[in-house]
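Next comes my_file-v5.tsv, with TSV, C-alpha atoms.
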chain	number	residue	atom	x	y	z
A	1	MET	CA	0.00	0.00	0.00
A	2	ALA	CA	1.07	3.57	-0.68
A	3	THR	CA	0.00	6.74	1.09
A	4	ILE	CA	-1.30	9.63	-0.97
A	5	ILE	CA	0.24	13.05	-0.34
A	6	SER	CA	-2.16	14.95	-2.58
A	7	ASN	CA	-4.56	14.42	-5.47
A	8	ILE	CA	-5.17	17.73	-7.23
A	9	GLU	CA	-7.38	18.56	-10.21
A	10	VAL	CA	-5.12	20.63	-12.49
A	11	SER	CA	-7.62	20.96	-15.36
A	12	PRO	CA	-11.20	19.74	-15.86
A	13	SER	CA	-11.11	15.95	-15.20
A	14	VAL	CA	-7.29	15.94	-15.17
A	15	TYR	CA	-5.47	15.19	-11.91
A	16	VAL	CA	-1.98	14.86	-10.50
A	17	ILE	CA	-1.79	12.28	-7.73
A	18	LYS	CA	1.33	12.41	-5.56
A	19	VAL	CA	2.32	9.39	-3.48
A	20	ALA	CA	4.80	9.25	-0.59
A	21	GLY	CA	7.79	6.94	-0.58
A	22	GLN	CA	11.00	6.04	-2.37
A	23	TRP	CA	9.85	4.58	-5.68
A	24	ALA	CA	12.02	3.26	-8.48
A	25	GLY	CA	11.41	4.16	-12.09
A	26	ALA	CA	12.84	5.84	-15.16
A	27	MET	CA	11.41	8.32	-17.65
A	28	GLY	CA	8.79	6.62	-19.81
A	29	GLN	CA	8.13	3.70	-17.46
A	30	PHE	CA	4.76	3.15	-15.80
A	31	TYR	CA	3.04	1.70	-12.73
A	32	MET	CA	-0.15	-0.31	-12.40
A	33	ILE	CA	-2.39	1.57	-9.97
A	34	ARG	CA	-5.72	0.93	-8.30
A	35	HIS	CA	-7.68	2.28	-5.37
A	36	ARG	CA	-7.60	0.42	-2.09
A	37	ALA	CA	-10.81	-1.52	-1.45
A	38	THR	CA	-13.01	0.27	1.04
A	39	GLN	CA	-16.43	-0.26	2.53
A	40	GLY	CA	-18.96	-0.71	-0.26
A	41	ILE	CA	-16.31	-1.15	-2.98
A	42	ALA	CA	-15.06	-4.62	-3.85
A	43	ILE	CA	-11.37	-5.23	-4.59
A	44	THR	CA	-12.44	-6.39	-8.07
A	45	ASP	CA	-14.34	-3.17	-8.85
A	46	PRO	CA	-13.01	-2.40	-11.38
A	47	LEU	CA	-11.33	-5.69	-12.26
A	48	LEU	CA	-8.14	-4.26	-13.79
A	49	SER	CA	-5.58	-1.82	-12.45
A	50	ARG	CA	-4.85	1.35	-14.43
A	51	PRO	CA	-1.45	1.73	-16.16
A	52	LEU	CA	-0.16	5.26	-15.51
A	53	SER	CA	3.18	6.58	-16.72
A	54	ILE	CA	5.48	8.22	-14.20
A	55	HIS	CA	4.91	11.95	-14.39
A	56	ASP	CA	7.28	13.16	-11.71
A	57	GLN	CA	9.58	11.65	-9.12
A	58	GLY	CA	11.66	12.80	-6.17
A	59	ASP	CA	13.56	11.37	-3.24
A	60	ASP	CA	10.39	10.89	-1.21
A	61	TYR	CA	7.52	10.84	-3.72
A	62	ILE	CA	6.27	9.73	-7.09
A	63	ALA	CA	3.49	11.42	-9.08
A	64	PHE	CA	1.12	10.46	-11.89
A	65	LEU	CA	-0.88	12.65	-14.25
A	66	TYR	CA	-4.20	11.13	-15.34
A	67	ARG	CA	-7.54	11.96	-16.87
A	68	VAL	CA	-10.84	10.58	-15.56
A	69	THR	CA	-12.14	8.34	-18.34
A	70	GLY	CA	-13.90	5.48	-16.55
A	71	ARG	CA	-14.66	3.70	-13.31
A	72	GLY	CA	-11.04	3.10	-12.28
A	73	THR	CA	-9.81	6.65	-12.79
A	74	ALA	CA	-13.00	8.06	-11.25
A	75	LEU	CA	-12.24	6.11	-8.08
A	76	LEU	CA	-8.68	7.45	-8.12
A	77	ALA	CA	-10.02	10.99	-8.44
A	78	SER	CA	-12.18	10.47	-5.34
A	79	LEU	CA	-9.14	9.82	-3.15
A	80	SER	CA	-7.41	12.47	-1.06
A	81	GLY	CA	-4.28	12.99	0.99
A	82	GLY	CA	-3.73	10.44	3.74
A	83	GLN	CA	-5.65	7.68	2.00
A	84	GLU	CA	-3.99	4.64	0.46
A	85	LEU	CA	-3.82	3.00	-2.94
A	86	GLN	CA	-2.12	0.00	-4.50
A	87	LEU	CA	0.98	0.56	-6.64
A	88	SER	CA	3.02	-2.04	-8.54
A	89	GLY	CA	5.92	-1.35	-10.86
A	90	PRO	CA	7.86	0.12	-12.47
A	91	PHE	CA	7.15	-1.67	-15.74
A	92	GLY	CA	8.18	-1.31	-19.35
A	93	ASN	CA	11.05	0.15	-21.31
A	94	GLY	CA	11.15	3.91	-21.18
A	95	PHE	CA	12.89	6.71	-23.04
A	96	PRO	CA	16.61	6.26	-23.74
A	97	VAL	CA	19.48	8.05	-22.08
A	98	VAL	CA	21.42	9.79	-24.85
A	99	ASP	CA	24.70	11.67	-24.87
A	100	PRO	CA	24.45	15.17	-23.34
A	101	SER	CA	25.85	16.59	-26.58
A	102	GLU	CA	22.78	15.47	-28.52
A	103	SER	CA	20.14	18.07	-29.34
A	104	VAL	CA	16.86	16.82	-27.85
A	105	ALA	CA	13.22	17.81	-28.23
A	106	LEU	CA	10.27	16.52	-26.20
A	107	VAL	CA	6.89	16.57	-27.96
A	108	GLY	CA	3.59	15.88	-26.22
A	109	GLY	CA	-0.03	16.04	-27.25
A	110	GLY	CA	-2.78	16.21	-24.61
A	111	MET	CA	-2.27	13.53	-21.99
A	112	GLY	CA	0.91	12.65	-23.85
A	113	VAL	CA	2.65	15.28	-21.72
A	114	ALA	CA	2.43	12.88	-18.75
A	115	PRO	CA	5.75	11.01	-19.18
A	116	LEU	CA	7.63	14.02	-20.55
A	117	LEU	CA	8.09	15.93	-17.28
A	118	LEU	CA	10.47	13.31	-15.90
A	119	ALA	CA	12.28	13.31	-19.26
A	120	ALA	CA	12.54	17.10	-19.07
A	121	LYS	CA	14.15	16.78	-15.64
A	122	HIS	CA	16.82	14.59	-17.23
A	123	TYR	CA	17.21	16.69	-20.38
A	124	ARG	CA	17.01	20.20	-18.94
A	125	GLN	CA	18.47	21.63	-22.14
A	126	ALA	CA	15.73	20.08	-24.30
A	127	ASP	CA	13.16	22.10	-26.21
A	128	ILE	CA	9.63	21.18	-25.14
A	129	TYR	CA	6.61	21.23	-27.44
A	130	VAL	CA	3.18	20.59	-25.92
A	131	GLY	CA	-0.19	20.85	-27.61
A	132	PHE	CA	-3.74	20.83	-26.22
A	133	ASN	CA	-7.17	20.74	-27.81
A	134	HIS	CA	-8.80	22.56	-24.91
A	135	HIS	CA	-7.39	23.43	-21.48
A	136	SER	CA	-3.63	23.26	-20.98
A	137	PHE	CA	-2.09	21.56	-17.95
A	138	ALA	CA	1.33	20.69	-16.49
A	139	VAL	CA	2.92	23.65	-18.28
A	140	GLU	CA	3.90	25.31	-14.99
A	141	SER	CA	5.78	22.17	-13.97
A	142	PHE	CA	7.88	22.32	-17.13
A	143	GLU	CA	8.55	26.02	-16.58
A	144	GLN	CA	10.01	25.27	-13.16
A	145	ILE	CA	12.71	22.93	-14.47
A	146	VAL	CA	13.88	24.26	-17.85
A	147	GLN	CA	16.98	26.41	-18.10
A	148	ASP	CA	15.16	29.03	-20.22
A	149	SER	CA	11.43	29.67	-20.58
A	150	GLN	CA	11.93	30.04	-24.35
A	151	GLN	CA	12.53	26.29	-24.49
A	152	ILE	CA	8.77	25.74	-24.05
A	153	HIS	CA	6.44	25.97	-27.05
A	154	ILE	CA	2.67	25.59	-26.67
A	155	THR	CA	-0.27	25.26	-29.06
A	156	GLN	CA	-3.86	25.29	-27.91
A	157	GLY	CA	-7.11	24.74	-29.80
A	158	GLN	CA	-8.64	22.09	-32.01
A	159	HIS	CA	-7.43	23.79	-35.19
A	160	THR	CA	-3.77	23.92	-34.21
A	161	ASN	CA	-1.22	21.12	-34.35
A	162	ILE	CA	1.90	20.94	-32.24
A	163	VAL	CA	3.71	19.06	-35.01
A	164	ASP	CA	3.40	22.11	-37.28
A	165	ILE	CA	5.78	24.14	-35.13
A	166	VAL	CA	8.42	21.42	-34.64
A	167	ASP	CA	11.39	21.57	-37.01
A	168	PRO	CA	12.97	18.12	-36.65
A	169	ARG	CA	16.09	19.26	-38.51
A	170	LEU	CA	17.10	21.11	-35.35
A	171	TYR	CA	17.31	17.93	-33.27
A	172	SER	CA	19.20	14.67	-33.37
A	173	VAL	CA	16.70	13.01	-31.01
A	174	ILE	CA	12.98	13.59	-30.46
A	175	MET	CA	11.01	11.83	-27.74
A	176	ALA	CA	7.25	12.04	-28.15
A	177	CYS	CA	4.01	10.89	-26.60
A	178	GLY	CA	0.45	11.55	-27.66
A	179	PRO	CA	-2.28	10.40	-30.03
A	180	ALA	CA	-1.19	7.98	-32.75
A	181	GLY	CA	-2.11	10.51	-35.44
A	182	MET	CA	0.21	13.10	-33.92
A	183	LEU	CA	3.06	10.62	-33.63
A	184	GLN	CA	2.63	9.46	-37.21
A	185	ALA	CA	2.49	13.05	-38.47
A	186	LEU	CA	5.75	13.75	-36.70
A	187	ALA	CA	7.37	10.66	-38.22
A	188	LYS	CA	6.17	11.70	-41.70
A	189	LYS	CA	7.51	15.21	-41.23
A	190	ILE	CA	10.93	13.89	-40.29
A	191	LYS	CA	10.94	11.72	-43.40
A	192	SER	CA	9.69	14.43	-45.74
A	193	LEU	CA	12.38	16.86	-44.57
A	194	HIS	CA	15.07	14.17	-44.84
A	195	ALA	CA	16.01	14.96	-41.26
A	196	ARG	CA	18.53	12.70	-39.57
A	197	THR	CA	16.42	12.66	-36.44
A	198	LEU	CA	15.87	9.58	-34.32
A	199	LEU	CA	12.25	9.58	-33.13
A	200	TYR	CA	11.25	7.66	-30.01
A	201	ILE	CA	7.52	7.34	-29.39
A	202	SER	CA	5.66	6.29	-26.27
A	203	THR	CA	2.68	4.17	-27.32
A	204	GLU	CA	-0.59	3.45	-25.56
A	205	LYS	CA	-2.77	0.37	-25.54
A	206	ARG	CA	-5.18	-1.20	-23.08
A	207	MET	CA	-3.45	-3.76	-20.90
A	208	ALA	CA	-4.47	-6.20	-18.21
A	209	CYS	CA	-1.43	-7.50	-16.33
A	210	GLY	CA	1.31	-4.98	-17.06
A	211	ILE	CA	4.04	-7.66	-16.95
A	212	GLY	CA	3.76	-9.22	-20.41
A	213	ALA	CA	1.93	-12.39	-19.47
A	214	CYS	CA	-1.54	-11.79	-20.94
A	215	LEU	CA	-0.51	-10.45	-24.39
A	216	THR	CA	-3.49	-8.07	-24.35
A	217	CYS	CA	-1.34	-5.08	-25.27
A	218	SER	CA	0.50	-6.62	-28.24
A	219	ILE	CA	1.15	-4.42	-31.27
A	220	GLN	CA	2.68	-5.11	-34.67
A	221	THR	CA	6.28	-4.09	-35.30
A	222	VAL	CA	8.84	-4.79	-38.02
A	223	HIS	CA	10.26	-7.45	-35.70
A	224	GLY	CA	6.88	-9.14	-35.18
A	225	ASN	CA	4.39	-8.69	-32.35
A	226	ALA	CA	5.62	-6.76	-29.32
A	227	ARG	CA	4.05	-6.13	-25.93
A	228	VAL	CA	3.56	-2.47	-25.04
A	229	CYS	CA	4.00	-3.29	-21.35
A	230	LYS	CA	7.22	-5.25	-21.82
A	231	GLU	CA	9.07	-4.37	-25.03
A	232	GLY	CA	7.48	-0.88	-24.92
A	233	PRO	CA	5.85	1.43	-24.24
A	234	VAL	CA	8.70	3.30	-25.98
A	235	PHE	CA	9.67	2.25	-29.50
A	236	THR	CA	11.51	3.93	-32.34
A	237	ALA	CA	9.18	5.26	-35.03
A	238	GLU	CA	10.80	2.95	-37.58
A	239	GLU	CA	9.79	-0.12	-35.59
A	240	VAL	CA	6.03	0.29	-35.38
A	241	ASN	CA	3.22	-0.52	-37.78
A	242	TRP	CA	1.29	2.76	-38.04
A	243	ASN	CA	-1.84	1.09	-39.38
A	244	ASP	CA	-1.94	-1.05	-36.26
A	245	LEU	CA	-1.34	1.89	-33.92
A	246	SER	CA	-4.01	4.05	-35.55
A	247	HIS	CA	-6.67	1.41	-34.91
A	248	MET	CA	-6.08	1.07	-31.16
Written form, structure tokens:
Amino acid sequence: MATIISNIEVSPSVYVIKVAGQWAGAMGQFYMIRHRATQGIAITDPLLSRPLSIHDQGDDYIAFLYRVTGRGTALLASLSGGQELQLSGPFGNGFPVVDPSESVALVGGGMGVAPLLLAAKHYRQADIYVGFNHHSFAVESFEQIVQDSQQIHITQGQHTNIVDIVDPRLYSVIMACGPAGMLQALAKKIKSLHARTLLYISTEKRMACGIGACLTCSIQTVHGNARVCKEGPVFTAEEVNWNDLSHM
């Protein structure tokens, strides 16, 4: 069991839950999380834990950014400081550690900003591009850790696209997370500009166990089927089958 420090709504239906303790984990990895069973709520309600990527981490806490989308996340949102929840992890392969001399950009769309804050803490020199359809969130957290506020670039609105303002020719490595359409558009832009940019993408798919046993989260890659929870969630853009990703 883990004790909650805080569970704050940072935008409509979007929360940051902060949990006390010394928790392992690297940028791009995730935990399986569920509420602790209480009176009137069975341990199997809902049946599956929620996979949430690590949003932030410190010596005595770990934090997760999530949106309320169903029963499991609604129960998480109902929790407050001092209460307990179940945490297991970390799982998966996250973003790579590259040479400090490499020029790095972090690109996130919507909830895709969740795993990028921890990456930004590692790559404080990186340019950060974040796009939102409606309300923005987590931007203040990025502003607190970058070396220069001009590193942060934001688009907001349904008729704007964060990919449009990214010039991949400026970067040797891009790490991205967001909707499959955004990720594919970024990969196409890199190819069309003949940029020598290595693109790492954090993928999403429903999963049950989080440890690779159930195969629920398998996706198609050039190497055959891969499990998002085990071989992923981070892959290079060249590895994935975009038709498969776009139909998740």
(request) Would you list the contacts of range 146-159 of chain A as a list of chain:residue names, taking every protein, DNA or RNA residue within 10 Å and counting all atoms listed in the file, but skipping same-chain residues closer than 4 positions in sequence? (result) A:Ala105, A:Leu106, A:Val107, A:Gly108, A:Gly109, A:Gly110, A:Ala120, A:Lys121, A:Tyr123, A:Arg124, A:Gln125, A:Ala126, A:Asp127, A:Ile128, A:Tyr129, A:Val130, A:Gly131, A:Phe132, A:Asn133, A:His134, A:His135, A:Ser136, A:Val139, A:Ser141, A:Phe142, A:Val163, A:Asp164, A:Ile165, A:Val166
(request) Check the smallest atom-to-atom distance from each of A:Thr197, A:Thr221, A:Ser192, A:Thr236 to Glu102 in chain A using only C-alpha atoms, then report the winner. (result) A:Thr197
Test item: residues at most 12 Å from range 1-17 of chain A, only C-alpha atoms, excluding those fewer than 6 positions along its chain, as a short mmCIF file (atom, residue, chain, number, x, y, z; two decimals) with C-alpha atoms, in the coordinates of the input:
data_model
loop_
_atom_site.label_atom_id
_atom_site.label_comp_id
_atom_site.auth_asym_id
_atom_site.auth_seq_id
_atom_site.Cartn_x
_atom_site.Cartn_y
_atom_site.Cartn_z
CA TRP A 23 9.85 4.58 -5.68
CA ILE A 33 -2.39 1.57 -9.97
CA ARG A 34 -5.72 0.93 -8.30
CA HIS A 35 -7.68 2.28 -5.37
CA ARG A 36 -7.60 0.42 -2.09
CA ALA A 37 -10.81 -1.52 -1.45
CA LEU A 52 -0.16 5.26 -15.51
CA SER A 53 3.18 6.58 -16.72
CA ILE A 54 5.48 8.22 -14.20
CA HIS A 55 4.91 11.95 -14.39
CA ASP A 56 7.28 13.16 -11.71
CA GLN A 57 9.58 11.65 -9.12
CA ASP A 60 10.39 10.89 -1.21
CA TYR A 61 7.52 10.84 -3.72
CA ILE A 62 6.27 9.73 -7.09
CA ALA A 63 3.49 11.42 -9.08
CA PHE A 64 1.12 10.46 -11.89
CA LEU A 65 -0.88 12.65 -14.25
CA TYR A 66 -4.20 11.13 -15.34
CA ARG A 67 -7.54 11.96 -16.87
CA VAL A 68 -10.84 10.58 -15.56
CA THR A 69 -12.14 8.34 -18.34
CA GLY A 70 -13.90 5.48 -16.55
CA THR A 73 -9.81 6.65 -12.79
CA ALA A 74 -13.00 8.06 -11.25
CA LEU A 75 -12.24 6.11 -8.08
CA LEU A 76 -8.68 7.45 -8.12
CA ALA A 77 -10.02 10.99 -8.44
CA SER A 78 -12.18 10.47 -5.34
CA LEU A 79 -9.14 9.82 -3.15
CA SER A 80 -7.41 12.47 -1.06
CA GLY A 81 -4.28 12.99 0.99
CA GLY A 82 -3.73 10.44 3.74
CA GLN A 83 -5.65 7.68 2.00
CA GLU A 84 -3.99 4.64 0.46
CA LEU A 85 -3.82 3.00 -2.94
CA GLN A 86 -2.12 0.00 -4.50
CA LEU A 87 0.98 0.56 -6.64
CA SER A 88 3.02 -2.04 -8.54
CA GLY A 110 -2.78 16.21 -24.61
CA MET A 111 -2.27 13.53 -21.99
CA VAL A 113 2.65 15.28 -21.72
CA ALA A 114 2.43 12.88 -18.75
CA PHE A 132 -3.74 20.83 -26.22
CA HIS A 134 -8.80 22.56 -24.91
CA HIS A 135 -7.39 23.43 -21.48
CA SER A 136 -3.63 23.26 -20.98
CA PHE A 137 -2.09 21.56 -17.95
CA ALA A 138 1.33 20.69 -16.49
CA VAL A 139 2.92 23.65 -18.28
CA GLU A 140 3.90 25.31 -14.99
CA SER A 141 5.78 22.17 -13.97
#
(request) Please measure the separation of CA of Met27 in chain A and CA of Gln184 in chain A, giving the value in Å to one decimal. (result) 21.5 Å
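Restricting the calculation to all atoms listed in the file, the smallest distance between Pro90 in chain A and any of A:Ile162, A:Cys229, A:Ala119, A:Ile201 is found for A:Cys229.
Checking A:Glu231, A:Glu239, A:Asp244, A:Glu204 one by one against Pro51 in chain A, counting all atoms listed in the file, you find the shortest gap at A:Glu204.
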(request) For Leu198 in chain A, please output as a list in words all residues within 7 Å (counting only C-alpha atoms; exclusion window: fewer than 3 positions along the same chain). (result) Ser172, Val173 and Ile174 of chain A
(message) Using only C-alpha atoms for the distances, tell me which of A:Gly58, A:Pro100, A:Gly224, A:Gly94 is nearest to Met175 in chain A.
(response) A:Gly94
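In terms of minimum interatomic distance to Gly89 in chain A, A:Met32 ranks closest within A:Met32, A:Ile145, A:Leu116, A:Val19, counting only C-alpha atoms.
In this structure, CA of Gly92 in chain A sits 16.4 Å away from CA of Gly112 in chain A.
Our summary of the geometry notes that CA of Val240 in chain A is positioned 23.5 Å from CA of Ser103 in chain A.
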Would you fill the gaps in range 120-148 of chain A so it has N, CA and C atoms, then print it as an mmCIF file, in the coordinates of the input?
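Saved file part18.cif follows:
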data_model
loop_
_atom_site.group_PDB
_atom_site.id
_atom_site.type_symbol
_atom_site.label_atom_id
_atom_site.label_comp_id
_atom_site.auth_asym_id
_atom_site.auth_seq_id
_atom_site.Cartn_x
_atom_site.Cartn_y
_atom_site.Cartn_z
ATOM 1 N N ALA A 120 12.050 15.725 -19.087
ATOM 2 C CA ALA A 120 12.540 17.100 -19.070
ATOM 3 C C ALA A 120 13.478 17.340 -17.897
ATOM 4 N N LYS A 121 13.246 16.663 -16.783
ATOM 5 C CA LYS A 121 14.150 16.780 -15.640
ATOM 6 C C LYS A 121 15.529 16.222 -15.972
ATOM 7 N N HIS A 122 15.547 15.195 -16.828
ATOM 8 C CA HIS A 122 16.820 14.590 -17.230
ATOM 9 C C HIS A 122 17.486 15.416 -18.324
ATOM 10 N N TYR A 123 16.692 15.896 -19.260
ATOM 11 C CA TYR A 123 17.210 16.690 -20.380
ATOM 12 C C TYR A 123 16.786 18.151 -20.188
ATOM 13 N N ARG A 124 17.412 18.825 -19.269
ATOM 14 C CA ARG A 124 17.010 20.200 -18.940
ATOM 15 C C ARG A 124 17.318 21.179 -20.071
ATOM 16 N N GLN A 125 18.157 20.770 -21.009
ATOM 17 C CA GLN A 125 18.470 21.630 -22.140
ATOM 18 C C GLN A 125 17.507 21.409 -23.309
ATOM 19 N N ALA A 126 16.614 20.449 -23.191
ATOM 20 C CA ALA A 126 15.730 20.080 -24.300
ATOM 21 C C ALA A 126 14.693 21.166 -24.580
ATOM 22 N N ASP A 127 14.319 21.294 -25.854
ATOM 23 C CA ASP A 127 13.160 22.100 -26.210
ATOM 24 C C ASP A 127 11.910 21.260 -25.997
ATOM 25 N N ILE A 128 10.858 21.898 -25.499
ATOM 26 C CA ILE A 128 9.630 21.180 -25.140
ATOM 27 C C ILE A 128 8.477 21.742 -25.952
ATOM 28 N N TYR A 129 7.767 20.852 -26.634
ATOM 29 C CA TYR A 129 6.610 21.230 -27.440
ATOM 30 C C TYR A 129 5.394 20.481 -26.896
ATOM 31 N N VAL A 130 4.380 21.225 -26.457
ATOM 32 C CA VAL A 130 3.180 20.590 -25.920
ATOM 33 C C VAL A 130 1.946 21.222 -26.548
ATOM 34 N N GLY A 131 1.010 20.367 -26.948
ATOM 35 C CA GLY A 131 -0.190 20.850 -27.610
ATOM 36 C C GLY A 131 -1.445 20.332 -26.925
ATOM 37 N N PHE A 132 -2.485 21.177 -26.892
ATOM 38 C CA PHE A 132 -3.740 20.830 -26.220
ATOM 39 C C PHE A 132 -4.913 21.239 -27.090
ATOM 40 N N ASN A 133 -5.939 20.397 -27.100
ATOM 41 C CA ASN A 133 -7.170 20.740 -27.810
ATOM 42 C C ASN A 133 -7.974 21.798 -27.054
ATOM 43 N N HIS A 134 -7.976 21.677 -25.724
ATOM 44 C CA HIS A 134 -8.800 22.560 -24.910
ATOM 45 C C HIS A 134 -7.922 23.212 -23.833
ATOM 46 N N HIS A 135 -8.134 22.832 -22.578
ATOM 47 C CA HIS A 135 -7.390 23.430 -21.480
ATOM 48 C C HIS A 135 -5.966 22.852 -21.409
ATOM 49 N N SER A 136 -5.005 23.725 -21.165
ATOM 50 C CA SER A 136 -3.630 23.260 -20.980
ATOM 51 C C SER A 136 -3.425 22.831 -19.534
ATOM 52 N N PHE A 137 -2.433 22.004 -19.304
ATOM 53 C CA PHE A 137 -2.090 21.560 -17.950
ATOM 54 C C PHE A 137 -0.633 21.124 -17.927
ATOM 55 N N ALA A 138 -0.055 21.127 -16.752
ATOM 56 C CA ALA A 138 1.330 20.690 -16.490
ATOM 57 C C ALA A 138 2.382 21.655 -17.025
ATOM 58 N N VAL A 139 1.959 22.718 -17.699
ATOM 59 C CA VAL A 139 2.920 23.650 -18.280
ATOM 60 C C VAL A 139 3.780 24.300 -17.196
ATOM 61 N N GLU A 140 3.161 24.668 -16.077
ATOM 62 C CA GLU A 140 3.900 25.310 -14.990
ATOM 63 C C GLU A 140 5.010 24.410 -14.460
ATOM 64 N N SER A 141 4.763 23.113 -14.441
ATOM 65 C CA SER A 141 5.780 22.170 -13.970
ATOM 66 C C SER A 141 6.993 22.165 -14.878
ATOM 67 N N PHE A 142 6.762 22.238 -16.186
ATOM 68 C CA PHE A 142 7.880 22.320 -17.130
ATOM 69 C C PHE A 142 8.642 23.626 -16.956
ATOM 70 N N GLU A 143 7.917 24.705 -16.730
ATOM 71 C CA GLU A 143 8.550 26.020 -16.580
ATOM 72 C C GLU A 143 9.491 26.062 -15.389
ATOM 73 N N GLN A 144 9.207 25.261 -14.374
ATOM 74 C CA GLN A 144 10.010 25.270 -13.160
ATOM 75 C C GLN A 144 11.348 24.545 -13.314
ATOM 76 N N ILE A 145 11.497 23.740 -14.374
ATOM 77 C CA ILE A 145 12.710 22.930 -14.470
ATOM 78 C C ILE A 145 13.591 23.251 -15.678
ATOM 79 N N VAL A 146 13.061 23.953 -16.676
ATOM 80 C CA VAL A 146 13.880 24.260 -17.850
ATOM 81 C C VAL A 146 14.892 25.343 -17.522
ATOM 82 N N GLN A 147 15.947 25.400 -18.302
ATOM 83 C CA GLN A 147 16.980 26.410 -18.100
ATOM 84 C C GLN A 147 16.518 27.782 -18.595
ATOM 85 N N ASP A 148 15.629 27.782 -19.609
ATOM 86 C CA ASP A 148 15.160 29.030 -20.220
ATOM 87 C C ASP A 148 13.708 28.845 -20.628
#
